[in-house]
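Engineer: Contents of final-v3.csv (CSV, C-alpha atoms and all ligand atoms) are below:
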```csv
chain,number,residue,atom,x,y,z
Q,183,MET,CA,14.9,-22.9,23.1
Q,184,ALA,CA,14.7,-20.2,25.8
Q,185,ASP,CA,17.8,-18.5,24.5
Q,186,PRO,CA,18.2,-18.9,20.7
Q,187,ALA,CA,21.6,-17.1,20.8
Q,188,GLY,CA,23.1,-19.6,23.2
Q,189,GLY,CA,24.3,-22.0,20.5
Q,190,ARG,CA,26.1,-19.3,18.6
Q,191,ARG,CA,27.8,-18.0,21.8
Q,192,ASN,CA,29.1,-21.5,22.6
Q,193,GLY,CA,30.4,-21.9,19.1
Q,194,GLY,CA,32.2,-18.6,19.3
Q,195,THR,CA,30.9,-17.3,16.0
Q,196,ASP,CA,28.9,-14.2,17.0
Q,197,ALA,CA,27.9,-12.0,14.0
Q,198,ALA,CA,30.0,-9.2,15.5
Q,199,ASP,CA,33.1,-11.4,15.4
Q,200,VAL,CA,32.7,-12.4,11.8
Q,201,PHE,CA,31.3,-9.4,9.9
Q,202,PRO,CA,33.3,-6.2,9.5
Q,203,ARG,CA,31.8,-3.2,11.3
Q,204,ARG,CA,31.3,-1.3,8.0
Q,205,ALA,CA,29.0,-4.0,6.7
Q,206,PHE,CA,27.0,-4.1,10.0
Q,207,LEU,CA,26.5,-0.3,9.8
Q,208,ALA,CA,25.3,-0.6,6.1
Q,209,THR,CA,22.8,-3.2,7.2
Q,210,VAL,CA,21.5,-0.9,9.9
Q,211,ALA,CA,21.2,2.0,7.5
Q,212,THR,CA,19.2,-0.1,5.0
Q,213,ALA,CA,16.9,-1.4,7.7
Q,214,THR,CA,16.3,2.1,9.0
Q,215,ALA,CA,15.4,3.4,5.5
Q,216,ALA,CA,13.0,0.5,5.1
Q,217,VAL,CA,11.4,1.2,8.5
Q,218,THR,CA,11.0,4.9,7.6
Q,219,LEU,CA,9.3,4.1,4.3
Q,220,LEU,CA,7.0,1.6,6.0
Q,221,THR,CA,6.1,4.1,8.7
Q,222,ALA,CA,5.3,6.7,6.1
Q,223,GLY,CA,3.2,4.1,4.2
Q,224,GLN,CA,0.9,3.8,7.2
Q,225,THR,CA,0.2,7.5,7.5
Q,226,VAL,CA,0.5,9.0,4.0
Q,227,PRO,CA,-2.4,7.8,1.9
Q,228,ALA,CA,-0.4,8.1,-1.4
Q,229,LEU,CA,2.1,5.6,-0.1
Q,230,ARG,CA,-0.5,3.1,1.1
Q,231,ALA,CA,-0.4,1.3,-2.3
Q,232,VAL,CA,3.3,0.4,-2.0
Q,233,ASN,CA,3.2,-0.6,1.6
Q,234,VAL,CA,3.0,-4.4,1.6
Q,235,PHE,CA,3.9,-4.9,5.3
Q,236,GLY,CA,1.5,-2.5,7.0
Q,237,PRO,CA,-1.8,-3.6,8.4
Q,238,ARG,CA,-4.1,-4.4,5.4
Q,239,ASP,CA,-7.3,-5.7,6.8
Q,240,GLY,CA,-9.5,-2.8,7.7
Q,241,SER,CA,-7.0,-0.2,6.4
Q,242,GLY,CA,-9.3,0.8,3.5
Q,243,PRO,CA,-13.0,1.7,3.3
Q,244,GLN,CA,-15.5,-1.0,4.1
Q,245,GLY,CA,-12.8,-3.1,5.8
Q,246,LEU,CA,-10.9,-3.8,2.6
Q,247,PRO,CA,-7.5,-2.4,1.5
Q,248,VAL,CA,-7.5,-0.2,-1.6
Q,249,ASN,CA,-4.9,-0.7,-4.3
Q,250,LYS,CA,-5.6,2.4,-6.3
Q,251,THR,CA,-8.0,5.2,-5.3
Q,252,ALA,CA,-10.7,6.7,-7.5
Q,253,VAL,CA,-8.9,10.1,-7.3
Q,254,SER,CA,-5.5,8.6,-8.4
Q,255,ALA,CA,-7.2,6.6,-11.2
Q,256,GLU,CA,-8.9,9.9,-12.4
Q,257,VAL,CA,-12.3,8.3,-12.4
Q,258,VAL,CA,-14.3,10.4,-10.0
Q,259,PRO,CA,-16.3,12.5,-12.6
Q,260,GLY,CA,-17.1,9.3,-14.7
Q,261,ALA,CA,-17.9,7.1,-11.7
Q,262,THR,CA,-20.2,9.6,-10.1
Q,263,ASP,CA,-22.0,10.6,-13.3
Q,264,PRO,CA,-25.7,9.7,-12.8
Q,265,GLY,CA,-25.8,9.0,-16.6
Q,266,TRP,CA,-23.3,6.1,-16.1
Q,267,ARG,CA,-24.3,2.9,-17.8
Q,268,LEU,CA,-22.6,-0.5,-18.1
Q,269,LEU,CA,-22.4,-1.5,-21.8
Q,270,VAL,CA,-22.3,-5.2,-22.8
Q,271,THR,CA,-21.6,-5.9,-26.5
Q,272,ALA,CA,-21.7,-9.1,-28.5
Q,273,GLY,CA,-21.3,-8.5,-32.2
Q,274,ARG,CA,-24.0,-6.0,-33.3
Q,275,THR,CA,-25.9,-6.4,-30.1
Q,276,THR,CA,-25.3,-3.9,-27.3
Q,277,ARG,CA,-27.3,-3.6,-24.1
Q,278,SER,CA,-26.7,-1.2,-21.3
Q,279,TRP,CA,-27.8,-0.9,-17.7
Q,280,SER,CA,-27.8,2.0,-15.3
Q,281,ARG,CA,-26.9,1.2,-11.7
Q,282,PRO,CA,-30.5,1.2,-10.5
Q,283,GLU,CA,-31.3,-1.1,-13.4
Q,284,LEU,CA,-28.5,-3.5,-12.4
Q,285,LEU,CA,-29.8,-3.4,-8.8
Q,286,ALA,CA,-33.3,-4.4,-10.0
Q,287,LEU,CA,-31.9,-7.6,-11.5
Q,288,PRO,CA,-31.6,-10.8,-9.4
Q,289,GLN,CA,-28.7,-10.3,-7.0
Q,290,THR,CA,-26.2,-12.9,-5.8
Q,291,GLU,CA,-23.9,-12.7,-2.7
Q,292,VAL,CA,-20.5,-14.4,-2.6
Q,293,ARG,CA,-17.5,-14.3,-0.2
Q,294,LEU,CA,-14.3,-13.9,-2.3
Q,295,PRO,CA,-10.8,-12.6,-1.6
Q,296,ILE,CA,-8.9,-9.9,-3.4
Q,297,ALA,CA,-5.4,-11.3,-3.8
Q,298,CYS,CA,-2.9,-8.6,-4.8
Q,299,VAL,CA,0.6,-9.3,-6.2
Q,300,GLU,CA,1.9,-6.7,-3.8
Q,301,GLY,CA,1.5,-9.3,-1.1
Q,302,TRP,CA,-1.8,-8.9,0.6
Q,303,SER,CA,-5.1,-10.8,0.4
Q,304,ALA,CA,-8.4,-9.9,1.9
Q,305,SER,CA,-11.7,-11.6,1.9
Q,306,ALA,CA,-15.0,-9.7,1.5
Q,307,LEU,CA,-18.7,-10.2,1.0
Q,308,TRP,CA,-19.7,-9.1,-2.5
Q,309,SER,CA,-23.2,-8.6,-3.9
Q,310,GLY,CA,-24.2,-8.0,-7.5
Q,311,VAL,CA,-25.4,-9.5,-10.7
Q,312,PRO,CA,-23.9,-12.7,-12.0
Q,313,LEU,CA,-21.9,-11.8,-15.1
Q,314,ARG,CA,-23.4,-14.7,-17.1
Q,315,ASP,CA,-26.9,-13.2,-16.7
Q,316,LEU,CA,-25.7,-10.1,-18.5
Q,317,LEU,CA,-23.9,-12.2,-21.2
Q,318,ASP,CA,-27.1,-14.2,-21.7
Q,319,ALA,CA,-29.0,-10.9,-22.2
Q,320,VAL,CA,-26.9,-10.3,-25.4
Q,321,ASP,CA,-26.9,-13.9,-26.5
Q,322,ALA,CA,-23.1,-14.2,-26.0
Q,323,ASP,CA,-21.4,-17.3,-27.3
Q,324,PRO,CA,-20.6,-19.2,-24.0
Q,325,ARG,CA,-17.1,-20.1,-25.3
Q,326,ALA,CA,-16.1,-16.6,-26.1
Q,327,ASP,CA,-13.4,-14.5,-24.3
Q,328,LEU,CA,-14.3,-11.1,-23.0
Q,329,GLN,CA,-12.6,-7.8,-23.0
Q,330,ILE,CA,-13.4,-5.8,-19.9
Q,331,SER,CA,-12.8,-2.0,-19.9
Q,332,SER,CA,-12.8,0.5,-17.0
Q,333,ILE,CA,-13.8,4.1,-17.3
Q,334,GLN,CA,-10.3,4.8,-16.1
Q,335,PRO,CA,-8.6,7.0,-18.8
Q,336,ARG,CA,-5.1,5.4,-18.5
Q,337,GLY,CA,-3.2,2.9,-16.5
Q,338,ALA,CA,-2.1,-0.7,-16.8
Q,339,TYR,CA,-5.3,-2.3,-15.5
Q,340,ARG,CA,-7.7,-0.2,-17.5
Q,341,VAL,CA,-8.5,-3.1,-19.9
Q,342,VAL,CA,-8.2,-6.8,-19.3
Q,343,GLU,CA,-9.4,-10.0,-20.9
Q,344,MET,CA,-11.4,-12.8,-19.3
Q,345,GLY,CA,-11.8,-16.4,-20.5
Q,346,PRO,CA,-15.1,-18.3,-20.5
Q,347,GLU,CA,-14.1,-20.4,-17.4
Q,348,PHE,CA,-14.4,-17.1,-15.4
Q,349,ALA,CA,-17.0,-15.4,-17.4
Q,350,ARG,CA,-19.5,-18.3,-16.9
Q,351,HIS,CA,-18.7,-19.1,-13.3
Q,352,PRO,CA,-21.8,-18.6,-11.1
Q,353,ASP,CA,-19.7,-16.7,-8.5
Q,354,THR,CA,-18.3,-14.2,-11.0
Q,355,LEU,CA,-20.2,-10.9,-10.3
Q,356,VAL,CA,-20.6,-7.4,-11.6
Q,357,ALA,CA,-20.4,-6.3,-8.0
Q,358,LEU,CA,-22.5,-3.4,-6.8
Q,359,GLY,CA,-22.2,-3.9,-3.0
Q,360,LEU,CA,-19.5,-4.7,-0.6
Q,361,ASN,CA,-19.7,-6.0,3.0
Q,362,GLY,CA,-23.4,-5.1,3.3
Q,363,SER,CA,-23.4,-1.6,1.8
Q,364,THR,CA,-23.0,0.3,-1.5
Q,365,LEU,CA,-19.6,-0.3,-3.1
Q,366,ASP,CA,-17.2,2.5,-2.1
Q,367,LEU,CA,-15.9,4.7,-4.9
Q,368,ASP,CA,-12.4,3.5,-4.1
Q,369,HIS,CA,-13.5,-0.1,-4.5
Q,370,GLY,CA,-15.0,0.4,-7.9
Q,371,PHE,CA,-18.4,2.2,-7.7
Q,372,PRO,CA,-20.6,2.2,-9.6
Q,373,ALA,CA,-19.7,-1.4,-10.5
Q,374,ARG,CA,-16.6,-3.7,-10.5
Q,375,MET,CA,-15.7,-7.2,-11.5
Q,376,ILE,CA,-15.2,-9.9,-8.9
Q,377,ALA,CA,-14.4,-13.5,-9.9
Q,378,PRO,CA,-13.0,-16.5,-8.0
Q,379,ASN,CA,-9.4,-17.4,-8.5
Q,380,ARG,CA,-8.3,-14.4,-10.5
Q,381,PRO,CA,-5.3,-12.3,-9.5
Q,382,GLY,CA,-6.3,-8.9,-8.0
Q,383,VAL,CA,-5.0,-7.0,-11.0
Q,384,LEU,CA,-7.8,-8.6,-13.1
Q,385,GLN,CA,-10.6,-7.6,-10.7
Q,386,THR,CA,-11.5,-4.5,-12.7
Q,387,LYS,CA,-12.9,-1.6,-10.8
Q,388,TRP,CA,-15.1,1.2,-12.3
Q,389,LEU,CA,-16.5,-0.9,-15.1
Q,390,GLN,CA,-17.6,0.7,-18.3
Q,391,ARG,CA,-17.9,-1.9,-21.0
Q,392,ILE,CA,-17.8,-5.7,-21.4
Q,393,GLU,CA,-17.2,-6.8,-25.0
Q,394,VAL,CA,-17.7,-10.4,-26.1
Q,395,LEU,CA,-14.8,-11.1,-28.5
Q,396,THR,CA,-15.7,-13.1,-31.6
Q,401,LIG,N1,-9.7,0.0,-13.1
Q,401,LIG,C1,-8.8,-0.6,-12.2
Q,401,LIG,N2,-9.2,-1.7,-11.6
Q,401,LIG,C2,-8.3,-2.3,-10.8
Q,401,LIG,C3,-7.1,-1.7,-10.5
Q,401,LIG,C4,-6.7,-0.5,-11.1
Q,401,LIG,O1,-5.7,0.1,-10.9
Q,401,LIG,N3,-7.6,0.0,-12.0
Q,401,LIG,N4,-6.2,-2.4,-9.6
Q,401,LIG,C5,-6.4,-3.8,-9.4
Q,401,LIG,C6,-5.6,-4.4,-8.4
Q,401,LIG,S1,-3.9,-4.5,-8.6
Q,401,LIG,C7,-6.1,-4.9,-7.2
Q,401,LIG,S2,-5.2,-5.8,-6.1
Q,401,LIG,C8,-7.6,-4.7,-7.0
Q,401,LIG,C9,-7.7,-4.1,-5.6
Q,401,LIG,O2,-9.1,-3.9,-5.3
Q,401,LIG,P1,-9.5,-2.9,-4.1
Q,401,LIG,O3,-8.7,-1.6,-4.2
Q,401,LIG,O4,-11.0,-2.8,-4.2
Q,401,LIG,O5,-9.1,-3.7,-2.9
Q,401,LIG,O6,-8.2,-3.9,-7.9
Q,401,LIG,C10,-7.8,-4.2,-9.3
Q,401,LIG,N5,-8.7,-3.5,-10.1
Q,402,MO,MO,-3.1,-5.7,-7.0
```
Give the structure from this file in structure tokens form.
Ligand SMILES: Nc1nc2c(c(=O)[nH]1)N[C@H]1C(S)=C(S)[C@@H](COP(=O)(O)O)O[C@H]1N2
Ligand SMILES: [Mo]
Structural biologist:
Amino acid sequence: MADPAGGRRNGGTDAADVFPRRAFLATVATATAAVTLLTAGQTVPALRAVNVFGPRDGSGPQGLPVNKTAVSAEVVPGATDPGWRLLVTAGRTTRSWSRPELLALPQTEVRLPIACVEGWSASALWSGVPLRDLLDAVDADPRADLQISSIQPRGAYRVVEMGPEFARHPDTLVALGLNGSTLDLDHGFPARMIAPNRPGVLQTKWLQRIEVLT
């Protein structure tokens, strides 16, 4: 297998013999356009989100790729507001926690991947409060679905739902820390959801409210 082209040569069916030159040039043009896009994707931050072939591990803050930045999600004022609180609601009961209050609760560490449909997956060490602890604090029905909302004002992943199999899993965290330090703004500061075996689109960043659906 030293020369993979050898077989073709012997058979006399080289690509250049078979395909018209015009088609060959069109292929080159397409490939060149793709390479240009990918190269730009590695240097222009705005294109990073659509570059599925570039280096992913380590290309974002804290050694984890970023799908959507805090700036592009328009969450910077809300996410950095010292008055931010996470709201958890079940029926008429609502409780809320500031980030220091969440950090004062028992913390759990889990290693879990973010798996994005754009074609990358990256593992990270997350720390935070098990979601079920917060649900217990509002006496949530353990069979209930949740609606999880981000402070993000618009966008497809602003609000998602979560079934009890994820909500009650001990590794499902309201994450406050990532890879040993405070969660970066681009990874969802002040708090984000992280759950095992959920697609990346459902790992909501910049949490605002968790509502137990009845
Ligand atoms: N609020 C909010 N959360 C979000 C998103 C988003 O656009 N807005 N993108 C999701 C997608 S598609 C992925 S893959 C992960 C990426 O998380 P990361 O940027 O911390 O790696 O966040 C998810 N959480
Ligand atoms: Mo994603």
Engineer: Report, in Å with one decimal, the straight-line distance from atom CA of Q:Glu393 to atom CA of Q:Pro352.
Structural biologist: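 Distance between the two atoms: 18.8 Å.
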Engineer: Which residue is closest to Q:Ala349? Choose from Q:Val248, Q:Leu284, Q:Ile376, Q:Ala319 and count all atoms listed in the file.
Structural biologist: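 Among Q:Val248, Q:Leu284, Q:Ile376, Q:Ala319, it is Q:Ile376 that comes nearest to Q:Ala349.
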Engineer: Write out, as CSV, each residue of chain Q that has an atom at most 12 Å from ligand MO 402 (chain Q), together with the closest pair of atoms and their distance in Å to one decimal, counting all atoms listed in the file, rows going by chain and rising number.
Structural biologist:
```
residue,atom,partner,partner_atom,distance
Q:Ala231,CA,Q:MO402,MO,8.9
Q:Val232,CA,Q:MO402,MO,10.2
Q:Asn233,CA,Q:MO402,MO,11.8
Q:Val234,CA,Q:MO402,MO,10.6
Q:Pro247,CA,Q:MO402,MO,10.1
Q:Val248,CA,Q:MO402,MO,8.9
Q:Asn249,CA,Q:MO402,MO,6.0
Q:Lys250,CA,Q:MO402,MO,8.5
Q:Pro295,CA,Q:MO402,MO,11.7
Q:Ile296,CA,Q:MO402,MO,8.0
Q:Ala297,CA,Q:MO402,MO,6.8
Q:Cys298,CA,Q:MO402,MO,3.6
Q:Val299,CA,Q:MO402,MO,5.2
Q:Glu300,CA,Q:MO402,MO,6.0
Q:Gly301,CA,Q:MO402,MO,8.3
Q:Trp302,CA,Q:MO402,MO,8.3
Q:Ser303,CA,Q:MO402,MO,9.2
Q:Ala304,CA,Q:MO402,MO,11.2
Q:Ala338,CA,Q:MO402,MO,11.0
Q:Tyr339,CA,Q:MO402,MO,9.4
Q:Arg380,CA,Q:MO402,MO,10.7
Q:Pro381,CA,Q:MO402,MO,7.4
Q:Gly382,CA,Q:MO402,MO,4.6
Q:Val383,CA,Q:MO402,MO,4.6
Q:Leu384,CA,Q:MO402,MO,8.2
Q:Gln385,CA,Q:MO402,MO,8.6
Q:Thr386,CA,Q:MO402,MO,10.2
Q:Lys387,CA,Q:MO402,MO,11.3
```
Engineer: Could those selected residues go to a file with C-alpha atoms, as an mmCIF file, in the frame of the given file?
Structural biologist:
```cif
data_model
loop_
_atom_site.group_PDB
_atom_site.id
_atom_site.type_symbol
_atom_site.label_atom_id
_atom_site.label_comp_id
_atom_site.auth_asym_id
_atom_site.auth_seq_id
_atom_site.Cartn_x
_atom_site.Cartn_y
_atom_site.Cartn_z
ATOM 1 C CA ALA Q 231 -0.400 1.300 -2.300
ATOM 2 C CA VAL Q 232 3.300 0.400 -2.000
ATOM 3 C CA ASN Q 233 3.200 -0.600 1.600
ATOM 4 C CA VAL Q 234 3.000 -4.400 1.600
ATOM 5 C CA PRO Q 247 -7.500 -2.400 1.500
ATOM 6 C CA VAL Q 248 -7.500 -0.200 -1.600
ATOM 7 C CA ASN Q 249 -4.900 -0.700 -4.300
ATOM 8 C CA LYS Q 250 -5.600 2.400 -6.300
ATOM 9 C CA PRO Q 295 -10.800 -12.600 -1.600
ATOM 10 C CA ILE Q 296 -8.900 -9.900 -3.400
ATOM 11 C CA ALA Q 297 -5.400 -11.300 -3.800
ATOM 12 C CA CYS Q 298 -2.900 -8.600 -4.800
ATOM 13 C CA VAL Q 299 0.600 -9.300 -6.200
ATOM 14 C CA GLU Q 300 1.900 -6.700 -3.800
ATOM 15 C CA GLY Q 301 1.500 -9.300 -1.100
ATOM 16 C CA TRP Q 302 -1.800 -8.900 0.600
ATOM 17 C CA SER Q 303 -5.100 -10.800 0.400
ATOM 18 C CA ALA Q 304 -8.400 -9.900 1.900
ATOM 19 C CA ALA Q 338 -2.100 -0.700 -16.800
ATOM 20 C CA TYR Q 339 -5.300 -2.300 -15.500
ATOM 21 C CA ARG Q 380 -8.300 -14.400 -10.500
ATOM 22 C CA PRO Q 381 -5.300 -12.300 -9.500
ATOM 23 C CA GLY Q 382 -6.300 -8.900 -8.000
ATOM 24 C CA VAL Q 383 -5.000 -7.000 -11.000
ATOM 25 C CA LEU Q 384 -7.800 -8.600 -13.100
ATOM 26 C CA GLN Q 385 -10.600 -7.600 -10.700
ATOM 27 C CA THR Q 386 -11.500 -4.500 -12.700
ATOM 28 C CA LYS Q 387 -12.900 -1.600 -10.800
#
```
Engineer: Given all atoms listed in the file as the basis, pick out the residue of Q:Arg325, Q:Arg293, Q:Arg350, Q:Arg374 nearest to ligand LIG 401 (chain Q).
Structural biologist: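 For ligand LIG 401 (chain Q), the nearest of the given residues is Q:Arg374.
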Engineer: Need the shell around Q:Arg340: protein/DNA/RNA residues with any atom at most 10 Å away, counting all atoms listed in the file. Skip same-chain ones fewer than 4 positions apart. Format as a list in words?
Structural biologist: Ala255, Ile330, Ser331, Ser332, Ile333, Gln334, Pro335, Arg336, Val383, Leu384, Thr386, Lys387, Trp388, Leu389 and Gln390 of chain Q
Engineer: Restricted to C-alpha atoms, what would the selected residues look like written as a short mmCIF file (atom, residue, chain, number, x, y, z; two decimals), in the coordinates of the input?
Structural biologist:
```cif
data_model
loop_
_atom_site.label_atom_id
_atom_site.label_comp_id
_atom_site.auth_asym_id
_atom_site.auth_seq_id
_atom_site.Cartn_x
_atom_site.Cartn_y
_atom_site.Cartn_z
CA ALA Q 255 -7.20 6.60 -11.20
CA ILE Q 330 -13.40 -5.80 -19.90
CA SER Q 331 -12.80 -2.00 -19.90
CA SER Q 332 -12.80 0.50 -17.00
CA ILE Q 333 -13.80 4.10 -17.30
CA GLN Q 334 -10.30 4.80 -16.10
CA PRO Q 335 -8.60 7.00 -18.80
CA ARG Q 336 -5.10 5.40 -18.50
CA VAL Q 383 -5.00 -7.00 -11.00
CA LEU Q 384 -7.80 -8.60 -13.10
CA THR Q 386 -11.50 -4.50 -12.70
CA LYS Q 387 -12.90 -1.60 -10.80
CA TRP Q 388 -15.10 1.20 -12.30
CA LEU Q 389 -16.50 -0.90 -15.10
CA GLN Q 390 -17.60 0.70 -18.30
#
```
Engineer: Considering all atoms listed in the file, state which residue in the set Q:Ser305, Q:Thr354, Q:Gln289, Q:Thr364 is at the smallest distance from ligand LIG 401 (chain Q).
Structural biologist: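 Checking each candidate against ligand LIG 401 (chain Q), we get Q:Ser305 as the closest.
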Engineer: Could you rebuild stretch 273-288 of chain Q with N, CA and C atoms and give me the result as a short mmCIF file (atom, residue, chain, number, x, y, z; two decimals), in the coordinates of the input?
Structural biologist:
```cif
data_model
loop_
_atom_site.label_atom_id
_atom_site.label_comp_id
_atom_site.auth_asym_id
_atom_site.auth_seq_id
_atom_site.Cartn_x
_atom_site.Cartn_y
_atom_site.Cartn_z
N GLY Q 273 -21.06 -8.79 -30.81
CA GLY Q 273 -21.30 -8.50 -32.20
C GLY Q 273 -22.04 -7.22 -32.40
N ARG Q 274 -23.21 -7.28 -33.08
CA ARG Q 274 -24.00 -6.00 -33.30
C ARG Q 274 -24.95 -5.74 -32.20
N THR Q 275 -24.99 -6.60 -31.19
CA THR Q 275 -25.90 -6.40 -30.10
C THR Q 275 -25.26 -5.70 -28.92
N THR Q 276 -25.80 -4.58 -28.52
CA THR Q 276 -25.30 -3.90 -27.30
C THR Q 276 -26.50 -3.66 -26.40
N ARG Q 277 -26.29 -4.00 -25.11
CA ARG Q 277 -27.30 -3.60 -24.10
C ARG Q 277 -26.58 -2.82 -23.04
N SER Q 278 -27.33 -1.98 -22.37
CA SER Q 278 -26.70 -1.20 -21.30
C SER Q 278 -27.66 -1.11 -20.12
N TRP Q 279 -27.05 -0.98 -18.95
CA TRP Q 279 -27.80 -0.90 -17.70
C TRP Q 279 -27.26 0.23 -16.84
N SER Q 280 -28.17 1.00 -16.27
CA SER Q 280 -27.80 2.00 -15.30
C SER Q 280 -27.58 1.22 -13.95
N ARG Q 281 -27.04 1.88 -12.95
CA ARG Q 281 -26.90 1.20 -11.70
C ARG Q 281 -28.21 0.78 -11.05
N PRO Q 282 -29.23 1.65 -11.06
CA PRO Q 282 -30.50 1.20 -10.50
C PRO Q 282 -31.10 0.01 -11.33
N GLU Q 283 -30.86 -0.01 -12.62
CA GLU Q 283 -31.30 -1.10 -13.40
C GLU Q 283 -30.60 -2.43 -13.06
N LEU Q 284 -29.30 -2.32 -12.81
CA LEU Q 284 -28.50 -3.50 -12.40
C LEU Q 284 -29.04 -4.00 -11.03
N LEU Q 285 -29.34 -3.05 -10.13
CA LEU Q 285 -29.80 -3.40 -8.80
C LEU Q 285 -31.20 -4.05 -8.83
N ALA Q 286 -31.95 -3.78 -9.91
CA ALA Q 286 -33.30 -4.40 -10.00
C ALA Q 286 -33.25 -5.80 -10.56
N LEU Q 287 -32.09 -6.23 -11.05
CA LEU Q 287 -31.90 -7.60 -11.50
C LEU Q 287 -31.72 -8.54 -10.31
N PRO Q 288 -31.91 -9.86 -10.50
CA PRO Q 288 -31.60 -10.80 -9.40
C PRO Q 288 -30.20 -10.66 -8.89
#
```
